[in-house]
Structure formats: C-alpha cells, structure tokens
>>> print(open('work_2.pdb').read())   # PDB, C-alpha atoms and all ligand atoms
ATOM      1  CA  MET S   1    -133.811 -76.357 -87.042  1.00  0.00           C
ATOM      2  CA  THR S   2    -136.916 -77.994 -88.360  1.00  0.00           C
ATOM      3  CA  ILE S   3    -137.609 -81.553 -89.354  1.00  0.00           C
ATOM      4  CA  ALA S   4    -139.950 -82.373 -92.189  1.00  0.00           C
ATOM      5  CA  LEU S   5    -142.175 -85.260 -91.252  1.00  0.00           C
ATOM      6  CA  THR S   6    -144.229 -87.307 -93.619  1.00  0.00           C
ATOM      7  CA  ALA S   7    -147.681 -88.315 -92.474  1.00  0.00           C
ATOM      8  CA  ALA S   8    -146.447 -91.872 -91.984  1.00  0.00           C
ATOM      9  CA  GLY S   9    -143.407 -90.650 -90.085  1.00  0.00           C
ATOM     10  CA  LEU S  10    -145.550 -88.536 -87.817  1.00  0.00           C
ATOM     11  CA  LEU S  11    -147.812 -91.472 -87.045  1.00  0.00           C
ATOM     12  CA  THR S  12    -144.786 -93.585 -86.210  1.00  0.00           C
ATOM     13  CA  CYS S  13    -143.510 -90.896 -83.859  1.00  0.00           C
ATOM     14  CA  LEU S  14    -146.842 -90.543 -82.095  1.00  0.00           C
ATOM     15  CA  TRP S  15    -147.155 -94.281 -81.736  1.00  0.00           C
ATOM     16  CA  SER S  16    -143.632 -94.589 -80.387  1.00  0.00           C
ATOM     17  CA  ALA S  17    -144.099 -91.738 -77.945  1.00  0.00           C
ATOM     18  CA  HIS S  18    -147.226 -93.331 -76.569  1.00  0.00           C
ATOM     19  CA  THR S  19    -146.026 -96.886 -76.243  1.00  0.00           C
ATOM     20  CA  GLY S  20    -142.544 -95.807 -75.196  1.00  0.00           C
ATOM     21  CA  GLU S  21    -144.012 -93.785 -72.360  1.00  0.00           C
ATOM     22  CA  THR S  22    -145.755 -96.839 -70.996  1.00  0.00           C
ATOM     23  CA  ASN S  23    -142.630 -98.942 -70.996  1.00  0.00           C
ATOM     24  CA  ARG S  24    -140.259 -96.289 -69.739  1.00  0.00           C
ATOM     25  CA  HIS S  25    -142.428 -95.640 -66.723  1.00  0.00           C
ATOM     26  CA  ALA S  26    -143.083 -99.317 -66.174  1.00  0.00           C
ATOM     27  CA  SER S  27    -140.087 -99.779 -63.931  1.00  0.00           C
ATOM     28  CA  ALA S  28    -141.156 -96.905 -61.702  1.00  0.00           C
ATOM     29  CA  ALA S  29    -144.604 -98.430 -61.422  1.00  0.00           C
ATOM     30  CA  ILE S  30    -143.413-101.900 -60.517  1.00  0.00           C
ATOM     31  CA  GLY S  31    -144.330-102.662 -56.957  1.00  0.00           C
ATOM     32  CA  LYS S  32    -146.995 -99.947 -56.852  1.00  0.00           C
ATOM     33  CA  GLY S  33    -149.602-101.126 -59.329  1.00  0.00           C
ATOM     34  CA  SER S  34    -152.050-103.972 -59.181  1.00  0.00           C
ATOM     35  CA  GLY S  35    -151.047-107.460 -60.217  1.00  0.00           C
ATOM     36  CA  ALA S  36    -153.079-107.120 -63.388  1.00  0.00           C
ATOM     37  CA  ALA S  37    -151.350-103.853 -64.300  1.00  0.00           C
ATOM     38  CA  ARG S  38    -147.930-105.345 -63.673  1.00  0.00           C
ATOM     39  CA  ALA S  39    -148.710-108.381 -65.773  1.00  0.00           C
ATOM     40  CA  ALA S  40    -149.601-106.123 -68.709  1.00  0.00           C
ATOM     41  CA  ILE S  41    -146.207-104.425 -68.613  1.00  0.00           C
ATOM     42  CA  PRO S  42    -143.252-106.234 -70.143  1.00  0.00           C
ATOM     43  CA  HIS S  43    -140.384-106.690 -67.748  1.00  0.00           C
ATOM     44  CA  ARG S  44    -137.864-103.955 -68.291  1.00  0.00           C
ATOM     45  CA  GLY S  45    -134.965-104.889 -70.474  1.00  0.00           C
ATOM     46  CA  THR S  46    -136.597-107.939 -71.974  1.00  0.00           C
ATOM     47  CA  LEU S  47    -138.847-106.189 -74.470  1.00  0.00           C
ATOM     48  CA  PRO S  48    -137.427-102.736 -75.173  1.00  0.00           C
ATOM     49  CA  VAL S  49    -139.905-100.551 -77.010  1.00  0.00           C
ATOM     50  CA  LYS S  50    -138.395 -99.186 -80.173  1.00  0.00           C
ATOM     51  CA  VAL S  51    -138.630 -95.450 -80.753  1.00  0.00           C
ATOM     52  CA  SER S  52    -137.772 -93.417 -83.836  1.00  0.00           C
ATOM     53  CA  PRO S  53    -134.033 -93.269 -84.629  1.00  0.00           C
ATOM     54  CA  GLU S  54    -134.385 -89.707 -85.934  1.00  0.00           C
ATOM     55  CA  ILE S  55    -132.834 -86.983 -83.792  1.00  0.00           C
ATOM     56  CA  THR S  56    -135.538 -85.140 -81.866  1.00  0.00           C
ATOM     57  CA  HIS S  57    -135.500 -81.427 -81.063  1.00  0.00           C
ATOM     58  CA  THR S  58    -139.152 -80.578 -80.509  1.00  0.00           C
ATOM     59  CA  ALA S  59    -141.208 -80.246 -77.321  1.00  0.00           C
ATOM     60  CA  GLU S  60    -143.755 -82.945 -76.573  1.00  0.00           C
ATOM     61  CA  SER S  61    -146.155 -80.403 -75.062  1.00  0.00           C
ATOM     62  CA  GLY S  62    -146.293 -78.344 -78.228  1.00  0.00           C
ATOM     63  CA  GLY S  63    -147.122 -74.652 -77.834  1.00  0.00           C
ATOM     64  CA  LYS S  64    -144.699 -72.113 -76.415  1.00  0.00           C
ATOM     65  CA  ALA S  65    -142.302 -74.336 -74.509  1.00  0.00           C
ATOM     66  CA  VAL S  66    -138.654 -75.014 -73.848  1.00  0.00           C
ATOM     67  CA  ASN S  67    -136.868 -78.294 -73.153  1.00  0.00           C
ATOM     68  CA  ILE S  68    -134.137 -77.733 -70.577  1.00  0.00           C
ATOM     69  CA  THR S  69    -131.428 -80.376 -71.107  1.00  0.00           C
ATOM     70  CA  ILE S  70    -128.436 -80.708 -68.773  1.00  0.00           C
ATOM     71  CA  ASP S  71    -125.377 -82.746 -69.698  1.00  0.00           C
ATOM     72  CA  ASP S  72    -122.275 -84.482 -68.345  1.00  0.00           C
ATOM     73  CA  GLY S  73    -123.402 -85.099 -64.746  1.00  0.00           C
ATOM     74  CA  PRO S  74    -124.689 -86.029 -62.398  1.00  0.00           C
ATOM     75  CA  ASP S  75    -122.404 -84.057 -60.121  1.00  0.00           C
ATOM     76  CA  PRO S  76    -122.647 -84.337 -56.314  1.00  0.00           C
ATOM     77  CA  VAL S  77    -122.369 -80.558 -55.848  1.00  0.00           C
ATOM     78  CA  TRP S  78    -123.987 -78.898 -58.847  1.00  0.00           C
ATOM     79  CA  THR S  79    -126.804 -81.242 -59.782  1.00  0.00           C
ATOM     80  CA  PRO S  80    -128.636 -80.897 -56.433  1.00  0.00           C
ATOM     81  CA  LYS S  81    -128.310 -77.100 -56.663  1.00  0.00           C
ATOM     82  CA  ILE S  82    -129.748 -77.126 -60.176  1.00  0.00           C
ATOM     83  CA  LEU S  83    -132.551 -79.448 -59.069  1.00  0.00           C
ATOM     84  CA  GLN S  84    -133.447 -76.893 -56.389  1.00  0.00           C
ATOM     85  CA  VAL S  85    -133.618 -74.083 -58.973  1.00  0.00           C
ATOM     86  CA  LEU S  86    -135.823 -76.226 -61.200  1.00  0.00           C
ATOM     87  CA  HIS S  87    -138.073 -77.028 -58.250  1.00  0.00           C
ATOM     88  CA  ASP S  88    -138.298 -73.392 -57.161  1.00  0.00           C
ATOM     89  CA  ASN S  89    -139.549 -72.488 -60.627  1.00  0.00           C
ATOM     90  CA  GLY S  90    -141.845 -75.441 -61.222  1.00  0.00           C
ATOM     91  CA  ALA S  91    -139.566 -76.445 -64.074  1.00  0.00           C
ATOM     92  CA  HIS S  92    -138.388 -79.798 -65.349  1.00  0.00           C
ATOM     93  CA  ALA S  93    -135.329 -80.938 -67.244  1.00  0.00           C
ATOM     94  CA  THR S  94    -133.789 -83.884 -69.043  1.00  0.00           C
ATOM     95  CA  PHE S  95    -130.440 -84.990 -67.601  1.00  0.00           C
ATOM     96  CA  CYS S  96    -127.975 -86.546 -70.057  1.00  0.00           C
ATOM     97  CA  MET S  97    -125.707 -88.597 -67.827  1.00  0.00           C
ATOM     98  CA  ILE S  98    -122.301 -90.141 -68.210  1.00  0.00           C
ATOM     99  CA  GLY S  99    -122.661 -93.731 -67.005  1.00  0.00           C
ATOM    100  CA  PRO S 100    -119.871 -93.827 -64.391  1.00  0.00           C
ATOM    101  CA  HIS S 101    -121.018 -90.457 -62.984  1.00  0.00           C
ATOM    102  CA  ALA S 102    -124.484 -91.932 -62.499  1.00  0.00           C
ATOM    103  CA  ALA S 103    -122.992 -94.980 -60.797  1.00  0.00           C
ATOM    104  CA  GLU S 104    -120.965 -92.771 -58.417  1.00  0.00           C
ATOM    105  CA  ASN S 105    -123.909 -90.520 -57.573  1.00  0.00           C
ATOM    106  CA  SER S 106    -126.880 -92.835 -57.428  1.00  0.00           C
ATOM    107  CA  ALA S 107    -128.608 -90.760 -54.731  1.00  0.00           C
ATOM    108  CA  VAL S 108    -128.600 -87.797 -57.094  1.00  0.00           C
ATOM    109  CA  VAL S 109    -129.976 -89.923 -59.925  1.00  0.00           C
ATOM    110  CA  LYS S 110    -132.786 -91.119 -57.669  1.00  0.00           C
ATOM    111  CA  LYS S 111    -133.544 -87.501 -56.702  1.00  0.00           C
ATOM    112  CA  ILE S 112    -133.802 -86.564 -60.389  1.00  0.00           C
ATOM    113  CA  VAL S 113    -136.305 -89.383 -60.921  1.00  0.00           C
ATOM    114  CA  ALA S 114    -138.245 -88.467 -57.758  1.00  0.00           C
ATOM    115  CA  ASP S 115    -138.553 -84.902 -59.073  1.00  0.00           C
ATOM    116  CA  ASP S 116    -140.157 -86.240 -62.279  1.00  0.00           C
ATOM    117  CA  ASP S 117    -137.244 -85.155 -64.418  1.00  0.00           C
ATOM    118  CA  ARG S 118    -136.080 -87.456 -67.201  1.00  0.00           C
ATOM    119  CA  LEU S 119    -132.935 -89.496 -67.817  1.00  0.00           C
ATOM    120  CA  CYS S 120    -130.821 -89.524 -70.949  1.00  0.00           C
ATOM    121  CA  ASP S 121    -127.859 -91.755 -71.833  1.00  0.00           C
ATOM    122  CA  HIS S 122    -124.675 -89.747 -72.565  1.00  0.00           C
ATOM    123  CA  THR S 123    -122.353 -92.800 -72.897  1.00  0.00           C
ATOM    124  CA  VAL S 124    -119.618 -94.223 -70.667  1.00  0.00           C
ATOM    125  CA  SER S 125    -116.541 -92.295 -71.802  1.00  0.00           C
ATOM    126  CA  HIS S 126    -117.891 -89.106 -73.400  1.00  0.00           C
ATOM    127  CA  ASN S 127    -115.825 -89.699 -76.516  1.00  0.00           C
ATOM    128  CA  MET S 128    -116.699 -86.836 -78.867  1.00  0.00           C
ATOM    129  CA  ARG S 129    -115.157 -88.722 -81.768  1.00  0.00           C
ATOM    130  CA  MET S 130    -117.017 -91.947 -81.176  1.00  0.00           C
ATOM    131  CA  ASN S 131    -118.551 -91.576 -84.636  1.00  0.00           C
ATOM    132  CA  HIS S 132    -115.104 -92.592 -85.961  1.00  0.00           C
ATOM    133  CA  ARG S 133    -115.006 -95.747 -83.856  1.00  0.00           C
ATOM    134  CA  SER S 134    -116.273 -99.258 -84.530  1.00  0.00           C
ATOM    135  CA  ASP S 135    -119.889-100.301 -84.253  1.00  0.00           C
ATOM    136  CA  ALA S 136    -118.957-102.558 -81.327  1.00  0.00           C
ATOM    137  CA  TYR S 137    -117.386 -99.623 -79.484  1.00  0.00           C
ATOM    138  CA  GLN S 138    -120.413 -97.407 -80.066  1.00  0.00           C
ATOM    139  CA  LYS S 139    -122.791-100.128 -78.939  1.00  0.00           C
ATOM    140  CA  SER S 140    -120.938-100.812 -75.703  1.00  0.00           C
ATOM    141  CA  GLN S 141    -120.652 -97.094 -74.936  1.00  0.00           C
ATOM    142  CA  ILE S 142    -124.413 -96.698 -75.217  1.00  0.00           C
ATOM    143  CA  LEU S 143    -125.635 -99.920 -73.641  1.00  0.00           C
ATOM    144  CA  ASP S 144    -123.125-100.034 -70.777  1.00  0.00           C
ATOM    145  CA  ALA S 145    -124.104 -96.479 -69.813  1.00  0.00           C
ATOM    146  CA  GLU S 146    -127.780 -97.379 -70.081  1.00  0.00           C
ATOM    147  CA  ARG S 147    -127.239-100.213 -67.596  1.00  0.00           C
ATOM    148  CA  MET S 148    -125.293 -97.972 -65.196  1.00  0.00           C
ATOM    149  CA  ILE S 149    -127.959 -95.265 -65.273  1.00  0.00           C
ATOM    150  CA  GLN S 150    -130.825 -97.731 -64.870  1.00  0.00           C
ATOM    151  CA  GLN S 151    -129.089 -99.400 -61.947  1.00  0.00           C
ATOM    152  CA  ALA S 152    -128.315 -96.038 -60.277  1.00  0.00           C
ATOM    153  CA  SER S 153    -131.913 -94.856 -60.684  1.00  0.00           C
ATOM    154  CA  GLY S 154    -133.363 -97.935 -59.037  1.00  0.00           C
ATOM    155  CA  GLY S 155    -134.699 -99.338 -62.283  1.00  0.00           C
ATOM    156  CA  VAL S 156    -135.840 -96.338 -64.328  1.00  0.00           C
ATOM    157  CA  ALA S 157    -134.338 -96.490 -67.797  1.00  0.00           C
ATOM    158  CA  PRO S 158    -133.084 -93.497 -69.755  1.00  0.00           C
ATOM    159  CA  MET S 159    -135.608 -92.284 -72.334  1.00  0.00           C
ATOM    160  CA  TYR S 160    -133.152 -90.530 -74.661  1.00  0.00           C
ATOM    161  CA  TYR S 161    -129.654 -90.907 -76.045  1.00  0.00           C
ATOM    162  CA  ARG S 162    -127.431 -87.907 -76.701  1.00  0.00           C
ATOM    163  CA  ALA S 163    -124.094 -88.538 -78.391  1.00  0.00           C
ATOM    164  CA  PRO S 164    -121.218 -86.565 -76.814  1.00  0.00           C
ATOM    165  CA  GLY S 165    -120.612 -83.505 -78.968  1.00  0.00           C
ATOM    166  CA  GLY S 166    -123.467 -84.641 -81.214  1.00  0.00           C
ATOM    167  CA  ALA S 167    -121.280 -87.415 -82.671  1.00  0.00           C
ATOM    168  CA  PHE S 168    -124.222 -89.537 -83.762  1.00  0.00           C
ATOM    169  CA  THR S 169    -124.011 -92.166 -86.455  1.00  0.00           C
ATOM    170  CA  PRO S 170    -126.898 -93.938 -88.188  1.00  0.00           C
ATOM    171  CA  TYR S 171    -125.773 -97.102 -86.370  1.00  0.00           C
ATOM    172  CA  SER S 172    -125.650 -95.516 -82.895  1.00  0.00           C
ATOM    173  CA  ARG S 173    -129.049 -93.930 -83.418  1.00  0.00           C
ATOM    174  CA  GLN S 174    -130.457 -97.350 -84.317  1.00  0.00           C
ATOM    175  CA  VAL S 175    -128.887 -98.999 -81.263  1.00  0.00           C
ATOM    176  CA  ALA S 176    -130.358 -96.354 -78.983  1.00  0.00           C
ATOM    177  CA  ALA S 177    -133.780 -96.409 -80.640  1.00  0.00           C
ATOM    178  CA  THR S 178    -133.967-100.189 -80.487  1.00  0.00           C
ATOM    179  CA  HIS S 179    -133.483 -99.900 -76.723  1.00  0.00           C
ATOM    180  CA  GLY S 180    -136.185 -97.275 -76.323  1.00  0.00           C
ATOM    181  CA  MET S 181    -133.899 -94.241 -76.245  1.00  0.00           C
ATOM    182  CA  ARG S 182    -134.792 -91.458 -78.663  1.00  0.00           C
ATOM    183  CA  PRO S 183    -131.711 -89.718 -80.109  1.00  0.00           C
ATOM    184  CA  LEU S 184    -131.721 -86.204 -78.654  1.00  0.00           C
ATOM    185  CA  GLY S 185    -130.264 -83.117 -80.291  1.00  0.00           C
ATOM    186  CA  TRP S 186    -130.433 -79.457 -79.284  1.00  0.00           C
ATOM    187  CA  ASN S 187    -131.373 -76.134 -80.850  1.00  0.00           C
ATOM    188  CA  ILE S 188    -129.552 -73.761 -78.511  1.00  0.00           C
ATOM    189  CA  ASP S 189    -126.093 -74.273 -77.058  1.00  0.00           C
ATOM    190  CA  SER S 190    -125.912 -71.938 -74.061  1.00  0.00           C
ATOM    191  CA  LYS S 191    -122.095 -72.286 -74.242  1.00  0.00           C
ATOM    192  CA  ASP S 192    -122.158 -72.554 -70.450  1.00  0.00           C
ATOM    193  CA  PHE S 193    -119.527 -75.289 -70.630  1.00  0.00           C
ATOM    194  CA  TYR S 194    -116.867 -72.648 -71.390  1.00  0.00           C
ATOM    195  CA  ARG S 195    -117.891 -70.427 -68.431  1.00  0.00           C
ATOM    196  CA  PRO S 196    -118.246 -67.205 -70.491  1.00  0.00           C
ATOM    197  CA  GLY S 197    -119.958 -65.356 -67.614  1.00  0.00           C
ATOM    198  CA  VAL S 198    -123.509 -65.511 -66.313  1.00  0.00           C
ATOM    199  CA  ASN S 199    -124.747 -62.674 -68.527  1.00  0.00           C
ATOM    200  CA  ALA S 200    -123.223 -64.202 -71.641  1.00  0.00           C
ATOM    201  CA  ILE S 201    -125.031 -67.485 -70.985  1.00  0.00           C
ATOM    202  CA  ILE S 202    -128.328 -65.684 -70.406  1.00  0.00           C
ATOM    203  CA  ASN S 203    -127.939 -63.508 -73.507  1.00  0.00           C
ATOM    204  CA  THR S 204    -127.044 -66.481 -75.707  1.00  0.00           C
ATOM    205  CA  VAL S 205    -130.198 -68.312 -74.655  1.00  0.00           C
ATOM    206  CA  LYS S 206    -132.429 -65.252 -75.073  1.00  0.00           C
ATOM    207  CA  TYR S 207    -130.972 -64.422 -78.480  1.00  0.00           C
ATOM    208  CA  GLU S 208    -131.246 -67.981 -79.806  1.00  0.00           C
ATOM    209  CA  LEU S 209    -134.686 -68.834 -78.423  1.00  0.00           C
ATOM    210  CA  ARG S 210    -136.097 -68.336 -81.914  1.00  0.00           C
ATOM    211  CA  ASN S 211    -134.071 -71.376 -83.060  1.00  0.00           C
ATOM    212  CA  GLY S 212    -136.158 -73.948 -81.223  1.00  0.00           C
ATOM    213  CA  PRO S 213    -137.085 -75.273 -77.841  1.00  0.00           C
ATOM    214  CA  THR S 214    -134.234 -77.576 -76.791  1.00  0.00           C
ATOM    215  CA  ILE S 215    -131.565 -75.768 -74.748  1.00  0.00           C
ATOM    216  CA  LEU S 216    -128.226 -77.305 -73.754  1.00  0.00           C
ATOM    217  CA  PHE S 217    -126.669 -76.697 -70.322  1.00  0.00           C
ATOM    218  CA  HIS S 218    -124.130 -78.636 -68.232  1.00  0.00           C
ATOM    219  CA  ASP S 219    -124.058 -79.832 -64.621  1.00  0.00           C
ATOM    220  CA  GLY S 220    -120.783 -81.744 -65.001  1.00  0.00           C
ATOM    221  CA  GLY S 221    -117.282 -81.033 -66.276  1.00  0.00           C
ATOM    222  CA  GLY S 222    -116.137 -78.573 -63.621  1.00  0.00           C
ATOM    223  CA  ASN S 223    -117.406 -75.610 -61.648  1.00  0.00           C
ATOM    224  CA  ARG S 224    -120.963 -74.929 -62.828  1.00  0.00           C
ATOM    225  CA  SER S 225    -121.694 -71.875 -60.673  1.00  0.00           C
ATOM    226  CA  GLN S 226    -122.324 -69.803 -63.807  1.00  0.00           C
ATOM    227  CA  THR S 227    -124.861 -72.325 -65.093  1.00  0.00           C
ATOM    228  CA  TYR S 228    -126.553 -72.321 -61.700  1.00  0.00           C
ATOM    229  CA  GLU S 229    -126.757 -68.519 -61.554  1.00  0.00           C
ATOM    230  CA  ALA S 230    -127.899 -68.273 -65.167  1.00  0.00           C
ATOM    231  CA  LEU S 231    -130.724 -70.768 -64.587  1.00  0.00           C
ATOM    232  CA  LYS S 232    -131.770 -68.863 -61.462  1.00  0.00           C
ATOM    233  CA  GLN S 233    -132.394 -65.834 -63.673  1.00  0.00           C
ATOM    234  CA  LEU S 234    -133.470 -67.508 -66.884  1.00  0.00           C
ATOM    235  CA  LEU S 235    -136.201 -69.788 -65.552  1.00  0.00           C
ATOM    236  CA  PRO S 236    -138.304 -66.992 -64.012  1.00  0.00           C
ATOM    237  CA  TRP S 237    -137.717 -64.870 -67.121  1.00  0.00           C
ATOM    238  CA  LEU S 238    -138.901 -67.662 -69.407  1.00  0.00           C
ATOM    239  CA  LYS S 239    -142.088 -67.932 -67.370  1.00  0.00           C
ATOM    240  CA  THR S 240    -142.738 -64.202 -67.646  1.00  0.00           C
ATOM    241  CA  GLN S 241    -142.369 -64.579 -71.420  1.00  0.00           C
ATOM    242  CA  GLY S 242    -145.088 -67.236 -71.438  1.00  0.00           C
ATOM    243  CA  TYR S 243    -142.905 -70.323 -71.883  1.00  0.00           C
ATOM    244  CA  THR S 244    -143.728 -73.618 -70.237  1.00  0.00           C
ATOM    245  CA  PHE S 245    -141.204 -76.355 -69.453  1.00  0.00           C
ATOM    246  CA  SER S 246    -141.560 -79.507 -71.500  1.00  0.00           C
ATOM    247  CA  PHE S 247    -139.585 -82.600 -72.455  1.00  0.00           C
ATOM    248  CA  PRO S 248    -138.279 -83.541 -75.888  1.00  0.00           C
ATOM    249  CA  VAL S 249    -140.586 -85.599 -78.061  1.00  0.00           C
ATOM    250  CA  ARG S 250    -139.894 -89.310 -77.965  1.00  0.00           C
TER     251      ARG S 250
HETATM  252 ZN    ZN S 301    -121.527 -83.902 -73.021  1.00  0.00          ZN
END
>>> encode(input="work_2.pdb", output="structure tokens")
Amino acid sequence: MTIALTAAGLLTCLWSAHTGETNRHASAAIGKGSGAARAAIPHRGTLPVKVSPEITHTAESGGKAVNITIDDGPDPVWTPKILQVLHDNGAHATFCMIGPHAAENSAVVKKIVADDDRLCDHTVSHNMRMNHRSDAYQKSQILDAERMIQQASGGVAPMYYRAPGGAFTPYSRQVAATHGMRPLGWNIDSKDFYRPGVNAIINTVKYELRNGPTILFHDGGGNRSQTYEALKQLLPWLKTQGYTFSFPVR
C-alpha cells in the first residue's frame, strides 16, 4: 500500500517526526540531562506534540527495511522470549499494548523501553468495533490506555496508536495525533494470531514482503510459541536478504 504525499504533507510529516522525537524521548531523558536541557523540554503530558493523523506504514530509515510490530501484549511469558530473539538478532520492534496488560506487566514494559524498542497504544478493551462507538468512548479507550502504558513504562509515552483490528475513525486518528501518537497501520499480516503453523507464518511474511515494510505479529492473546519460533527463523533470514530493522515513520 502506498500513500501519495503532497510536498506540503511531506514537510509536515518530517517536521512532526523531528519534533515528536524530541518530546517522546523527553521523559526518558528527565533526570539524566543538564538543567538547561530539561528546561528546554516541555513537561510530558502538558504540551503534547501533534503528529500527522494519517495512518503510517513506511519505515523511518528508508532503504530496504522492515518494521516489526507486535500486538496485544505485553505478556509475562511470551514478550520476554520475543525480546530475547530481537536482541539476539540486533533487531527492534514496536509493541502495540493493551493498557491493562501494560499495567499488569510493568517490568516487561520497562524492559521493552530499556531495549530501545518503541511503545504503541492499542486501547484499553481491544474493541474491534470501536469505530461504531461514540467519540467519548473512543477517546477514553485511547487516552486511558496511553496513561496506563506511560505509567507502566516509568514515564515513556507511546509514540503510535493502532486501532484494534484497524478500526480507525477520523476522530480517533485526530485524538491520537493530538497526543503525539501517530496512527499505525500494517502492510503484512503474518496471521500468527490464528496459529497456522510456524512455516505458514514464515511463508506468509516472505510472500507478502513486496507489499511494504510494516509486519504484524502478536505477543498476546494466547500461546505465542509459533510466533516465537517464526521470528527465530525470520529475523536471521531477513538479515541475509539485506533488510534492516526500522520503526514506522512518525
Ligand atoms: Zn490487536
């Protein structure tokens, strides 16, 4: 899937990515930087940096890259295993978290942040029909989860918002973007959620790689041993094919 960008739109995206980066990492830097540096950074939550409300699919590194995205966790069993596979391969991923799961597994969230992986808001209730619900419902689903994730991480805010099942609305995209979370889509659904077998997951990803860089996996929602095994094989293979591991454009 490709997105046509006007020159003005592209400039907006670049500007947002740059300024958003500063703010999103501000919380991690608090307490480490100089007084002058801290003073230059708005306190998190008080001045959210707006990003584009358009759904992003592309890799911020450009070039031959993939964006590994992992949804529905964090899970106390499977997320640490997946983090180990990422680490073993020098890879990074974006974790789209359900708010209460983040709250229940704050140590795992902190490990994700310590590994320089990124956080994504995947709502409180994972309602895949939330696009049929009221604006107030959508807003609370997004912002309550953002708070839970930020609290669990020790202050690092999610950089993206992914609607469960892709049930975005123009309103929910605006709410997320206003709070510094870029709406995040995907190009390749590995179908790992349905546990079709390790080889089926691997073959789906290989076959659909031509569709774009953002690949969807899951670390929550049940036994994810197939996802774990598939990543163990796919990540080294991707490297041999010349792919690098990037993050989605903000
Ligand atoms: Zn999900």
>>> resolve_selection(input="work_2.pdb", expression="the PyMOL selection byres (((not hetatm)) within 8 of (chain S and resi 301))", output="PyMOL selection string")
chain S and resi 71-72+96+98+122+126+163-165+218
>>> residues_around(input="work_2.pdb", residues="Ala93 (chain S)", least_positions_apart="3", cutoff="8 Å", atoms="all atoms listed in the file", output="PDB file with C-alpha atoms, keeping the file's coordinate frame")
ATOM      1  CA  ASN S  67    -136.868 -78.294 -73.153  1.00  0.00           C
ATOM      2  CA  ILE S  68    -134.137 -77.733 -70.577  1.00  0.00           C
ATOM      3  CA  THR S  69    -131.428 -80.376 -71.107  1.00  0.00           C
ATOM      4  CA  ILE S  70    -128.436 -80.708 -68.773  1.00  0.00           C
ATOM      5  CA  LEU S  86    -135.823 -76.226 -61.200  1.00  0.00           C
ATOM      6  CA  ASP S 117    -137.244 -85.155 -64.418  1.00  0.00           C
ATOM      7  CA  ARG S 118    -136.080 -87.456 -67.201  1.00  0.00           C
ATOM      8  CA  PHE S 245    -141.204 -76.355 -69.453  1.00  0.00           C
ATOM      9  CA  SER S 246    -141.560 -79.507 -71.500  1.00  0.00           C
ATOM     10  CA  PHE S 247    -139.585 -82.600 -72.455  1.00  0.00           C
TER      11      PHE S 247
END
>>> residues_around(input="work_2.pdb", residues="Asp75 (chain S)", least_positions_apart="4", cutoff="7 Å", atoms="all atoms listed in the file", output="ChimeraX atom specification")
/S:79,219-220
>>> closest_residue(input="work_2.pdb", among="S:Leu83, S:Ser52, S:Trp78, S:Ala152", to="Pro100 (chain S)", atoms="only C-alpha atoms")
S:Ala152
>>> atom_distance(input="work_2.pdb", atom1="CA of Ala65 (chain S)", atom2="CA of Gly242 (chain S)")
8.2 Å
>>> resolve_selection(input="work_2.pdb", expression="the PyMOL selection byres (((chain S and resi 156-160) around 7) and not hetatm)", output="VMD selection string")
chain S and resid 24 27 to 28 119 to 121 146 149 to 150 153 to 155 161 to 162 180 to 184
>>> axis_aligned_box(input="work_2.pdb", around="region 115-134 of chain S", padding_each_side="5 Å", output="lines of an AutoDock Vina configuration file")
center_x = -127.6
center_y = -92.1
center_z = -72.5
size_x = 35.2
size_y = 24.4
size_z = 36.9
>>> residues_around(input="work_2.pdb", residues="Gly99 (chain S)", least_positions_apart="2", cutoff="6 Å", atoms="only C-alpha atoms", output="list of chain:residue names")
S:His101, S:Ala102, S:Thr123, S:Val124, S:Ala145, S:Met148, S:Ile149
>>> resolve_selection(input="work_2.pdb", expression="the PyMOL selection byres (((chain S and resi 236) around 12) and not hetatm)", output="PDB file with C-alpha atoms, in the coordinates of the input")
ATOM      1  CA  VAL S  85    -133.618 -74.083 -58.973  1.00  0.00           C
ATOM      2  CA  LEU S  86    -135.823 -76.226 -61.200  1.00  0.00           C
ATOM      3  CA  HIS S  87    -138.073 -77.028 -58.250  1.00  0.00           C
ATOM      4  CA  ASP S  88    -138.298 -73.392 -57.161  1.00  0.00           C
ATOM      5  CA  ASN S  89    -139.549 -72.488 -60.627  1.00  0.00           C
ATOM      6  CA  GLY S  90    -141.845 -75.441 -61.222  1.00  0.00           C
ATOM      7  CA  ALA S  91    -139.566 -76.445 -64.074  1.00  0.00           C
ATOM      8  CA  ILE S 202    -128.328 -65.684 -70.406  1.00  0.00           C
ATOM      9  CA  GLU S 229    -126.757 -68.519 -61.554  1.00  0.00           C
ATOM     10  CA  ALA S 230    -127.899 -68.273 -65.167  1.00  0.00           C
ATOM     11  CA  LEU S 231    -130.724 -70.768 -64.587  1.00  0.00           C
ATOM     12  CA  LYS S 232    -131.770 -68.863 -61.462  1.00  0.00           C
ATOM     13  CA  GLN S 233    -132.394 -65.834 -63.673  1.00  0.00           C
ATOM     14  CA  LEU S 234    -133.470 -67.508 -66.884  1.00  0.00           C
ATOM     15  CA  LEU S 235    -136.201 -69.788 -65.552  1.00  0.00           C
ATOM     16  CA  TRP S 237    -137.717 -64.870 -67.121  1.00  0.00           C
ATOM     17  CA  LEU S 238    -138.901 -67.662 -69.407  1.00  0.00           C
ATOM     18  CA  LYS S 239    -142.088 -67.932 -67.370  1.00  0.00           C
ATOM     19  CA  THR S 240    -142.738 -64.202 -67.646  1.00  0.00           C
ATOM     20  CA  GLN S 241    -142.369 -64.579 -71.420  1.00  0.00           C
ATOM     21  CA  GLY S 242    -145.088 -67.236 -71.438  1.00  0.00           C
ATOM     22  CA  TYR S 243    -142.905 -70.323 -71.883  1.00  0.00           C
ATOM     23  CA  THR S 244    -143.728 -73.618 -70.237  1.00  0.00           C
ATOM     24  CA  PHE S 245    -141.204 -76.355 -69.453  1.00  0.00           C
TER      25      PHE S 245
END
>>> closest_residue(input="work_2.pdb", among="S:Met130, S:Ala103, S:Val66, S:Leu209", to="Gly166 (chain S)", atoms="all atoms listed in the file")
S:Met130
>>> atom_distance(input="work_2.pdb", atom1="CA of Gln84 (chain S)", atom2="CA of Tyr194 (chain S)")
22.8 Å
>>> build_atoms(input="work_2.pdb", residues="region 208-213 of chain S", atoms="N, CA and C atoms", output="short mmCIF file (atom, residue, chain, number, x, y, z; two decimals), in the frame of the given file")
data_model
loop_
_atom_site.label_atom_id
_atom_site.label_comp_id
_atom_site.auth_asym_id
_atom_site.auth_seq_id
_atom_site.Cartn_x
_atom_site.Cartn_y
_atom_site.Cartn_z
N GLU S 208 -131.05 -66.82 -78.93
CA GLU S 208 -131.25 -67.98 -79.81
C GLU S 208 -132.58 -68.69 -79.58
N LEU S 209 -133.42 -68.17 -78.71
CA LEU S 209 -134.69 -68.83 -78.42
C LEU S 209 -135.52 -69.07 -79.68
N ARG S 210 -135.35 -68.20 -80.66
CA ARG S 210 -136.10 -68.34 -81.91
C ARG S 210 -135.70 -69.61 -82.66
N ASN S 211 -134.57 -70.21 -82.30
CA ASN S 211 -134.07 -71.38 -83.06
C ASN S 211 -134.77 -72.68 -82.71
N GLY S 212 -135.48 -72.71 -81.60
CA GLY S 212 -136.16 -73.95 -81.22
C GLY S 212 -136.13 -74.16 -79.73
N PRO S 213 -136.82 -75.18 -79.27
CA PRO S 213 -137.08 -75.27 -77.84
C PRO S 213 -136.02 -75.96 -77.00
#
